[in-house]
$ cat input_39.tsv   # TSV, C-alpha atoms
chain	number	residue	atom	x	y	z
A	1	MET	CA	38.19	4.58	98.52
A	2	LEU	CA	36.31	7.75	99.47
A	3	LEU	CA	34.31	7.64	96.24
A	4	HIS	CA	33.65	3.92	96.69
A	5	ASP	CA	32.54	4.31	100.30
A	6	THR	CA	30.39	7.34	99.48
A	7	GLY	CA	28.73	5.41	96.67
A	8	LEU	CA	27.89	2.52	99.01
A	9	ILE	CA	26.35	4.81	101.64
A	10	TYR	CA	24.56	6.87	98.99
A	11	GLY	CA	23.07	3.79	97.35
A	12	ARG	CA	21.89	2.38	100.67
A	13	TYR	CA	20.00	5.50	101.67
A	14	LEU	CA	18.73	6.27	98.19
A	15	ARG	CA	17.13	2.82	98.02
A	16	GLN	CA	15.43	3.54	101.33
A	17	SER	CA	14.05	6.80	99.94
A	18	LEU	CA	12.83	5.20	96.72
A	19	ARG	CA	10.91	2.61	98.73
A	20	SER	CA	8.97	5.45	100.38
A	21	ARG	CA	7.35	7.17	97.39
A	22	PHE	CA	4.75	8.79	99.62
A	23	ALA	CA	7.47	10.60	101.55
A	24	LEU	CA	9.05	11.80	98.30
A	25	LEU	CA	5.81	13.43	97.17
A	26	PHE	CA	4.75	14.62	100.62
A	27	GLY	CA	7.99	16.57	101.02
A	28	VAL	CA	7.04	18.93	98.19
A	29	LEU	CA	3.48	19.39	99.45
A	30	MET	CA	4.01	22.54	101.55
A	31	PRO	CA	5.82	24.58	98.84
A	32	LEU	CA	3.21	23.36	96.36
A	33	LEU	CA	0.40	24.64	98.59
A	34	TYR	CA	2.14	28.02	98.79
A	35	LEU	CA	2.39	27.97	95.01
A	36	LEU	CA	-1.29	27.15	94.50
A	37	PHE	CA	-2.88	29.32	97.19
A	38	PHE	CA	-0.37	32.14	97.76
A	39	GLY	CA	1.05	32.63	94.26
A	40	PRO	CA	-2.18	33.86	92.60
A	41	LEU	CA	-2.49	36.59	95.26
A	42	LEU	CA	0.76	38.15	93.99
A	43	THR	CA	-0.15	38.23	90.31
A	44	GLY	CA	0.23	41.73	88.95
A	45	LEU	CA	1.45	43.23	92.24
A	46	PRO	CA	4.59	45.44	92.20
A	47	LEU	CA	7.11	43.35	94.13
A	48	GLY	CA	10.06	45.66	93.74
A	49	GLY	CA	12.11	43.47	91.43
A	50	GLN	CA	12.58	42.35	87.86
A	51	GLY	CA	10.31	39.81	86.26
A	52	SER	CA	6.86	38.53	87.09
A	53	SER	CA	5.51	37.61	90.51
A	54	TRP	CA	6.17	33.94	89.69
A	55	GLN	CA	9.85	34.72	89.06
A	56	VAL	CA	9.95	36.23	92.55
A	57	LEU	CA	7.95	33.57	94.39
A	58	VAL	CA	9.21	30.32	92.86
A	59	PRO	CA	12.93	30.83	93.70
A	60	GLY	CA	11.93	31.45	97.31
A	61	LEU	CA	9.82	28.31	97.38
A	62	LEU	CA	12.68	26.26	95.95
A	63	LEU	CA	15.01	27.38	98.71
A	64	GLN	CA	12.25	26.94	101.29
A	65	LEU	CA	12.03	23.33	100.14
A	66	GLY	CA	15.74	22.85	100.83
A	67	LEU	CA	15.69	24.87	104.05
A	68	PHE	CA	12.97	22.94	105.84
A	69	GLY	CA	13.57	19.53	104.29
A	70	ALA	CA	17.33	19.41	104.88
A	71	SER	CA	17.15	20.99	108.34
A	72	PHE	CA	15.01	18.13	109.63
A	73	ALA	CA	17.05	15.40	107.92
A	74	GLY	CA	18.78	14.63	111.21
A	75	PHE	CA	15.71	12.88	112.59
A	76	SER	CA	16.78	9.73	110.75
A	77	VAL	CA	20.19	9.79	112.46
A	78	ILE	CA	18.57	10.07	115.89
A	79	ILE	CA	16.60	6.90	115.14
A	80	GLU	CA	19.65	5.09	113.75
A	81	ASN	CA	21.76	6.22	116.68
A	82	GLY	CA	19.25	4.79	119.12
A	83	GLN	CA	19.28	1.47	117.27
A	84	GLY	CA	23.08	1.31	117.13
A	85	VAL	CA	23.25	1.58	113.31
A	86	VAL	CA	25.55	4.61	113.30
A	87	GLU	CA	27.95	3.04	115.80
A	88	ARG	CA	28.17	-0.18	113.77
A	89	MET	CA	29.00	1.87	110.68
A	90	ARG	CA	31.66	3.82	112.51
A	91	VAL	CA	33.56	0.70	113.61
A	92	THR	CA	33.98	-0.36	109.95
A	93	PRO	CA	36.89	0.93	107.82
A	94	VAL	CA	34.51	3.21	105.87
A	95	SER	CA	35.56	6.86	105.67
A	96	ARG	CA	33.86	9.17	108.18
A	97	LEU	CA	33.48	11.72	105.39
A	98	ALA	CA	31.71	9.06	103.30
A	99	LEU	CA	29.28	8.37	106.16
A	100	LEU	CA	28.21	12.00	105.89
A	101	LEU	CA	28.52	12.55	102.14
A	102	GLY	CA	26.48	9.47	101.26
A	103	ARG	CA	23.60	10.78	103.35
A	104	VAL	CA	23.71	14.39	102.20
A	105	LEU	CA	24.08	13.46	98.53
A	106	ARG	CA	20.99	11.28	98.90
A	107	ASP	CA	19.18	14.29	100.39
A	108	ALA	CA	20.38	16.54	97.56
A	109	THR	CA	19.10	14.03	95.00
A	110	VAL	CA	15.68	13.79	96.66
A	111	PHE	CA	15.24	17.54	97.00
A	112	ALA	CA	16.42	18.17	93.43
A	113	PHE	CA	13.70	15.76	92.26
A	114	GLN	CA	11.13	17.57	94.38
A	115	ALA	CA	12.38	20.91	93.04
A	116	VAL	CA	11.77	19.69	89.47
A	117	LEU	CA	8.18	18.79	90.39
A	118	LEU	CA	7.67	22.22	91.96
A	119	VAL	CA	9.01	24.07	88.92
A	120	LEU	CA	6.87	22.00	86.54
A	121	ALA	CA	3.79	22.89	88.59
A	122	ALA	CA	4.84	26.55	88.52
A	123	VAL	CA	5.22	26.46	84.73
A	124	VAL	CA	1.66	25.18	84.45
A	125	MET	CA	0.51	28.10	86.63
A	126	GLY	CA	2.33	30.72	84.58
A	127	LEU	CA	6.04	30.74	85.41
A	128	ARG	CA	8.29	31.69	82.53
A	129	ALA	CA	12.02	31.52	83.17
A	130	PRO	CA	15.11	30.75	81.05
A	131	LEU	CA	16.33	27.18	81.24
A	132	PRO	CA	19.85	28.14	82.42
A	133	GLY	CA	18.28	30.14	85.25
A	134	VAL	CA	16.14	27.18	86.28
A	135	LEU	CA	19.19	24.89	86.29
A	136	ILE	CA	21.11	27.40	88.38
A	137	GLY	CA	18.22	27.35	90.84
A	138	PHE	CA	18.48	23.56	91.12
A	139	ALA	CA	22.22	23.88	91.79
A	140	PHE	CA	21.57	26.32	94.64
A	141	VAL	CA	18.95	23.99	96.10
A	142	ALA	CA	21.46	21.12	95.99
A	143	LEU	CA	24.20	23.17	97.71
A	144	LEU	CA	21.77	24.44	100.35
A	145	THR	CA	20.61	20.88	100.98
A	146	VAL	CA	24.14	19.56	101.37
A	147	SER	CA	25.10	22.30	103.82
A	148	LEU	CA	21.95	22.22	105.97
A	149	ALA	CA	21.70	18.43	105.98
A	150	SER	CA	25.33	18.23	107.14
A	151	LEU	CA	24.59	20.59	110.04
A	152	SER	CA	21.36	18.75	110.80
A	153	TYR	CA	23.15	15.41	111.02
A	154	ALA	CA	25.84	16.99	113.21
A	155	LEU	CA	23.20	18.34	115.59
A	156	ALA	CA	21.39	14.99	115.61
A	157	MET	CA	24.60	13.26	116.70
A	158	LYS	CA	24.84	15.62	119.67
A	159	VAL	CA	21.27	15.40	121.00
A	160	ARG	CA	19.64	12.33	122.50
A	161	THR	CA	15.95	12.58	121.62
A	162	PRO	CA	13.70	14.01	118.88
A	163	GLN	CA	12.15	16.21	121.58
A	164	GLU	CA	15.46	18.05	121.87
A	165	PHE	CA	16.15	18.10	118.13
A	166	GLY	CA	12.84	19.46	116.83
A	167	PRO	CA	12.63	22.69	118.88
A	168	ALA	CA	16.30	23.49	118.19
A	169	VAL	CA	15.78	23.19	114.44
A	170	ASN	CA	12.55	25.22	114.53
A	171	ALA	CA	14.31	27.98	116.46
A	172	LEU	CA	16.77	28.31	113.58
A	173	THR	CA	14.64	27.68	110.50
A	174	MET	CA	11.73	30.02	111.21
A	175	PRO	CA	13.85	33.20	111.65
A	176	SER	CA	15.87	32.12	108.61
A	177	MET	CA	12.73	31.90	106.49
A	178	LEU	CA	11.29	35.20	107.71
A	179	LEU	CA	14.53	37.19	107.40
A	180	SER	CA	15.76	35.73	104.10
A	181	GLY	CA	12.92	37.05	101.95
A	182	LEU	CA	11.87	33.61	100.77
A	183	MET	CA	8.25	34.60	100.27
A	184	LEU	CA	8.68	38.27	99.27
A	185	PRO	CA	11.72	40.49	98.64
A	186	MET	CA	13.00	42.11	101.82
A	187	THR	CA	13.26	45.42	99.97
A	188	LEU	CA	9.47	45.71	100.37
A	189	GLY	CA	9.90	46.00	104.15
A	190	PRO	CA	11.24	48.83	106.30
A	191	ALA	CA	14.90	49.75	105.96
A	192	TRP	CA	15.91	48.26	109.34
A	193	LEU	CA	14.43	44.89	108.39
A	194	ASP	CA	16.20	44.92	105.03
A	195	VAL	CA	19.52	45.67	106.78
A	196	LEU	CA	18.94	42.91	109.34
A	197	SER	CA	18.19	40.40	106.59
A	198	HIS	CA	21.70	40.87	105.15
A	199	LEU	CA	23.03	39.09	108.24
A	200	MET	CA	21.20	35.97	107.10
A	201	PRO	CA	23.28	33.98	104.55
A	202	PHE	CA	20.19	32.54	102.85
A	203	ARG	CA	19.24	36.05	101.74
A	204	TYR	CA	22.13	36.02	99.24
A	205	LEU	CA	21.05	32.67	97.81
A	206	VAL	CA	17.48	33.90	97.31
A	207	ASP	CA	18.62	37.06	95.54
A	208	ALA	CA	20.95	35.05	93.28
A	209	VAL	CA	18.27	32.58	92.21
A	210	ARG	CA	15.79	35.40	91.54
A	211	ASP	CA	18.36	37.06	89.27
A	212	ALA	CA	18.89	33.74	87.49
A	213	TYR	CA	15.14	33.36	86.91
A	214	VAL	CA	15.03	36.65	84.99
A	215	GLY	CA	18.15	35.79	82.98
A	216	SER	CA	20.61	38.05	84.86
A	217	TYR	CA	23.69	35.94	85.51
A	218	ALA	CA	26.60	38.41	85.77
A	219	THR	CA	25.32	40.38	88.76
A	220	PRO	CA	26.67	41.12	92.26
A	221	HIS	CA	23.77	39.11	93.69
A	222	MET	CA	24.89	36.07	91.71
A	223	LEU	CA	28.50	36.46	92.82
A	224	TYR	CA	27.56	36.85	96.48
A	225	GLY	CA	25.16	33.92	96.27
A	226	VAL	CA	27.75	31.57	94.79
A	227	VAL	CA	30.41	32.57	97.33
A	228	VAL	CA	28.06	32.22	100.31
A	229	ALA	CA	26.71	28.87	99.08
A	230	LEU	CA	30.19	27.39	98.55
A	231	VAL	CA	31.59	28.69	101.85
A	232	LEU	CA	28.53	27.51	103.78
A	233	THR	CA	28.74	24.07	102.17
A	234	ALA	CA	32.45	23.69	102.90
A	235	LEU	CA	32.05	24.74	106.54
A	236	ALA	CA	28.99	22.55	107.09
A	237	VAL	CA	30.59	19.42	105.59
A	238	THR	CA	33.71	20.02	107.68
A	239	VAL	CA	31.67	20.34	110.88
A	240	GLY	CA	29.53	17.33	110.03
A	241	THR	CA	32.53	15.12	109.27
A	242	ARG	CA	34.23	16.11	112.51
A	243	VAL	CA	31.12	15.29	114.54
A	244	PHE	CA	30.73	11.89	112.83
A	245	ARG	CA	34.36	11.18	113.67
A	246	THR	CA	34.29	12.23	117.33
A	247	ALA	CA	30.73	12.05	118.68
A	248	GLY	CA	30.42	9.28	121.24
A	249	ALA	CA	34.06	8.30	120.84
$ encode --input "input_39.tsv" --output "structure tokens"
Amino acid sequence: MLLHDTGLIYGRYLRQSLRSRFALLFGVLMPLLYLLFFGPLLTGLPLGGQGSSWQVLVPGLLLQLGLFGASFAGFSVIIENGQGVVERMRVTPVSRLALLLGRVLRDATVFAFQAVLLVLAAVVMGLRAPLPGVLIGFAFVALLTVSLASLSYALAMKVRTPQEFGPAVNALTMPSMLLSGLMLPMTLGPAWLDVLSHLMPFRYLVDAVRDAYVGSYATPHMLYGVVVALVLTALAVTVGTRVFRTAGA
């Protein structure tokens, strides 16, 4: 029943996304602008890591896509909550976990598609990376999307207006981006900043994807990245499911 219910919710929201093709393409616009206008500035610069500047920048942009896109996914729940859609779903026999999983799997599908577009554009601009490394990057984007979208939906169920939701998300996403080394490796900064960045879980995902893009798969960075991604996803889905079950009850 869980699989059946999840499939129903997933299909409903995926059809909504497919009807808004402009939103699908617009979501990848910001990372694409970074790729086009910021990437060429790094060409040939010593960035303190293996591989080319594209193998450093593109993994960060992929995770930036998931970070910002999934973090703001809760806006749709605020709208649905105000219209009574969420409450009508919750009075049906459908699993509370399915109400969350259907949404976050739709988000993961959308952002994986946008990640493919971003990587294709990067290949045109000069990115060269092994195919297994690229696929590993997509997997990390999907896990990051599931975890952050789950937390975003949980937060959206707790606040009443978009005016409360937006500033709260910004207060979390901006420090996460700056301290995770999405744009440049944190090892380029002062030692205290590099140490502080290790408190940010996204740092481990970025390092893992960058290793994957240079073909290094059996590394401590990869191990830490996988563990952090799986733990974060499990915790976020648990929190999101609990909120969908109890919020407003």
$ closest_residue --input "input_39.tsv" --among "A:Met1, A:His221, A:Gly11, A:Ala115" --to "Val58 (chain A)" --atoms "all atoms listed in the file"
A:Ala115
$ atom_distance --input "input_39.tsv" --atom1 "CA of Ser95 (chain A)" --atom2 "CA of Arg12 (chain A)"
15.2 Å
$ closest_residue --input "input_39.tsv" --among "A:Trp54, A:Phe37, A:Phe111, A:Tyr13" --to "Ala139 (chain A)" --atoms "all atoms listed in the file"
A:Phe111
$ residues_around --input "input_39.tsv" --residues "Arg106 (chain A)" --least-positions-apart "3" --cutoff "9 Å" --atoms "all atoms listed in the file" --output "ChimeraX atom specification"
/A:9-11,13-14,17,101-103,109-111
$ atom_distance --input "input_39.tsv" --atom1 "CA of Gly74 (chain A)" --atom2 "CA of His198 (chain A)"
27.1 Å
$ residues_near_point --input "input_39.tsv" --point "(30.5, 11.6, 109.1)" --cutoff "10 Å" --atoms "all atoms listed in the file" --output "ChimeraX atom specification"
/A:86,89-90,94-103,150,153-154,157,237-247
$ residues_around --input "input_39.tsv" --residues "Thr233 (chain A)" --least-positions-apart "6" --cutoff "12 Å" --atoms "all atoms listed in the file" --output "ChimeraX atom specification"
/A:101,104,140-151,201,226-227,239-240
$ atom_distance --input "input_39.tsv" --atom1 "CA of Ser53 (chain A)" --atom2 "CA of Leu41 (chain A)"
9.4 Å
$ decode --input "input_39.tsv" --residues "region 85-101 of chain A" --atoms "N, CA and C atoms" --output "PDB file, in the first residue's frame"
ATOM      1  N   VAL A  85      -6.000  21.676   0.801  1.00  0.00           N
ATOM      2  CA  VAL A  85      -5.660  20.465   0.040  1.00  0.00           C
ATOM      3  C   VAL A  85      -4.972  19.442   0.934  1.00  0.00           C
ATOM      4  N   VAL A  86      -4.010  19.905   1.734  1.00  0.00           N
ATOM      5  CA  VAL A  86      -3.268  18.984   2.600  1.00  0.00           C
ATOM      6  C   VAL A  86      -4.202  18.313   3.600  1.00  0.00           C
ATOM      7  N   GLU A  87      -5.095  19.074   4.193  1.00  0.00           N
ATOM      8  CA  GLU A  87      -6.011  18.512   5.187  1.00  0.00           C
ATOM      9  C   GLU A  87      -6.938  17.468   4.562  1.00  0.00           C
ATOM     10  N   ARG A  88      -7.400  17.729   3.335  1.00  0.00           N
ATOM     11  CA  ARG A  88      -8.261  16.739   2.667  1.00  0.00           C
ATOM     12  C   ARG A  88      -7.495  15.465   2.360  1.00  0.00           C
ATOM     13  N   MET A  89      -6.204  15.586   2.048  1.00  0.00           N
ATOM     14  CA  MET A  89      -5.396  14.389   1.812  1.00  0.00           C
ATOM     15  C   MET A  89      -5.180  13.608   3.097  1.00  0.00           C
ATOM     16  N   ARG A  90      -5.020  14.336   4.191  1.00  0.00           N
ATOM     17  CA  ARG A  90      -4.715  13.664   5.452  1.00  0.00           C
ATOM     18  C   ARG A  90      -5.918  12.934   6.041  1.00  0.00           C
ATOM     19  N   VAL A  91      -7.123  13.257   5.649  1.00  0.00           N
ATOM     20  CA  VAL A  91      -8.292  12.537   6.166  1.00  0.00           C
ATOM     21  C   VAL A  91      -8.584  11.280   5.352  1.00  0.00           C
ATOM     22  N   THR A  92      -7.850  11.062   4.257  1.00  0.00           N
ATOM     23  CA  THR A  92      -7.994   9.839   3.473  1.00  0.00           C
ATOM     24  C   THR A  92      -7.142   8.742   4.101  1.00  0.00           C
ATOM     25  N   PRO A  93      -7.326   7.481   3.693  1.00  0.00           N
ATOM     26  CA  PRO A  93      -6.523   6.383   4.259  1.00  0.00           C
ATOM     27  C   PRO A  93      -5.073   6.366   3.762  1.00  0.00           C
ATOM     28  N   VAL A  94      -4.671   7.294   2.916  1.00  0.00           N
ATOM     29  CA  VAL A  94      -3.332   7.270   2.338  1.00  0.00           C
ATOM     30  C   VAL A  94      -2.284   7.398   3.445  1.00  0.00           C
ATOM     31  N   SER A  95      -1.171   6.693   3.275  1.00  0.00           N
ATOM     32  CA  SER A  95      -0.087   6.715   4.251  1.00  0.00           C
ATOM     33  C   SER A  95       0.492   8.118   4.384  1.00  0.00           C
ATOM     34  N   ARG A  96       0.778   8.530   5.627  1.00  0.00           N
ATOM     35  CA  ARG A  96       1.397   9.836   5.853  1.00  0.00           C
ATOM     36  C   ARG A  96       2.793   9.877   5.252  1.00  0.00           C
ATOM     37  N   LEU A  97       3.494   8.743   5.292  1.00  0.00           N
ATOM     38  CA  LEU A  97       4.813   8.680   4.666  1.00  0.00           C
ATOM     39  C   LEU A  97       4.693   8.870   3.163  1.00  0.00           C
ATOM     40  N   ALA A  98       3.644   8.317   2.555  1.00  0.00           N
ATOM     41  CA  ALA A  98       3.439   8.475   1.114  1.00  0.00           C
ATOM     42  C   ALA A  98       3.147   9.924   0.743  1.00  0.00           C
ATOM     43  N   LEU A  99       2.432  10.642   1.626  1.00  0.00           N
ATOM     44  CA  LEU A  99       2.165  12.057   1.355  1.00  0.00           C
ATOM     45  C   LEU A  99       3.461  12.843   1.226  1.00  0.00           C
ATOM     46  N   LEU A 100       4.463  12.447   1.994  1.00  0.00           N
ATOM     47  CA  LEU A 100       5.760  13.113   1.921  1.00  0.00           C
ATOM     48  C   LEU A 100       6.611  12.547   0.792  1.00  0.00           C
ATOM     49  N   LEU A 101       6.706  11.218   0.713  1.00  0.00           N
ATOM     50  CA  LEU A 101       7.584  10.600  -0.278  1.00  0.00           C
ATOM     51  C   LEU A 101       7.173  10.936  -1.704  1.00  0.00           C
TER      52      LEU A 101
END
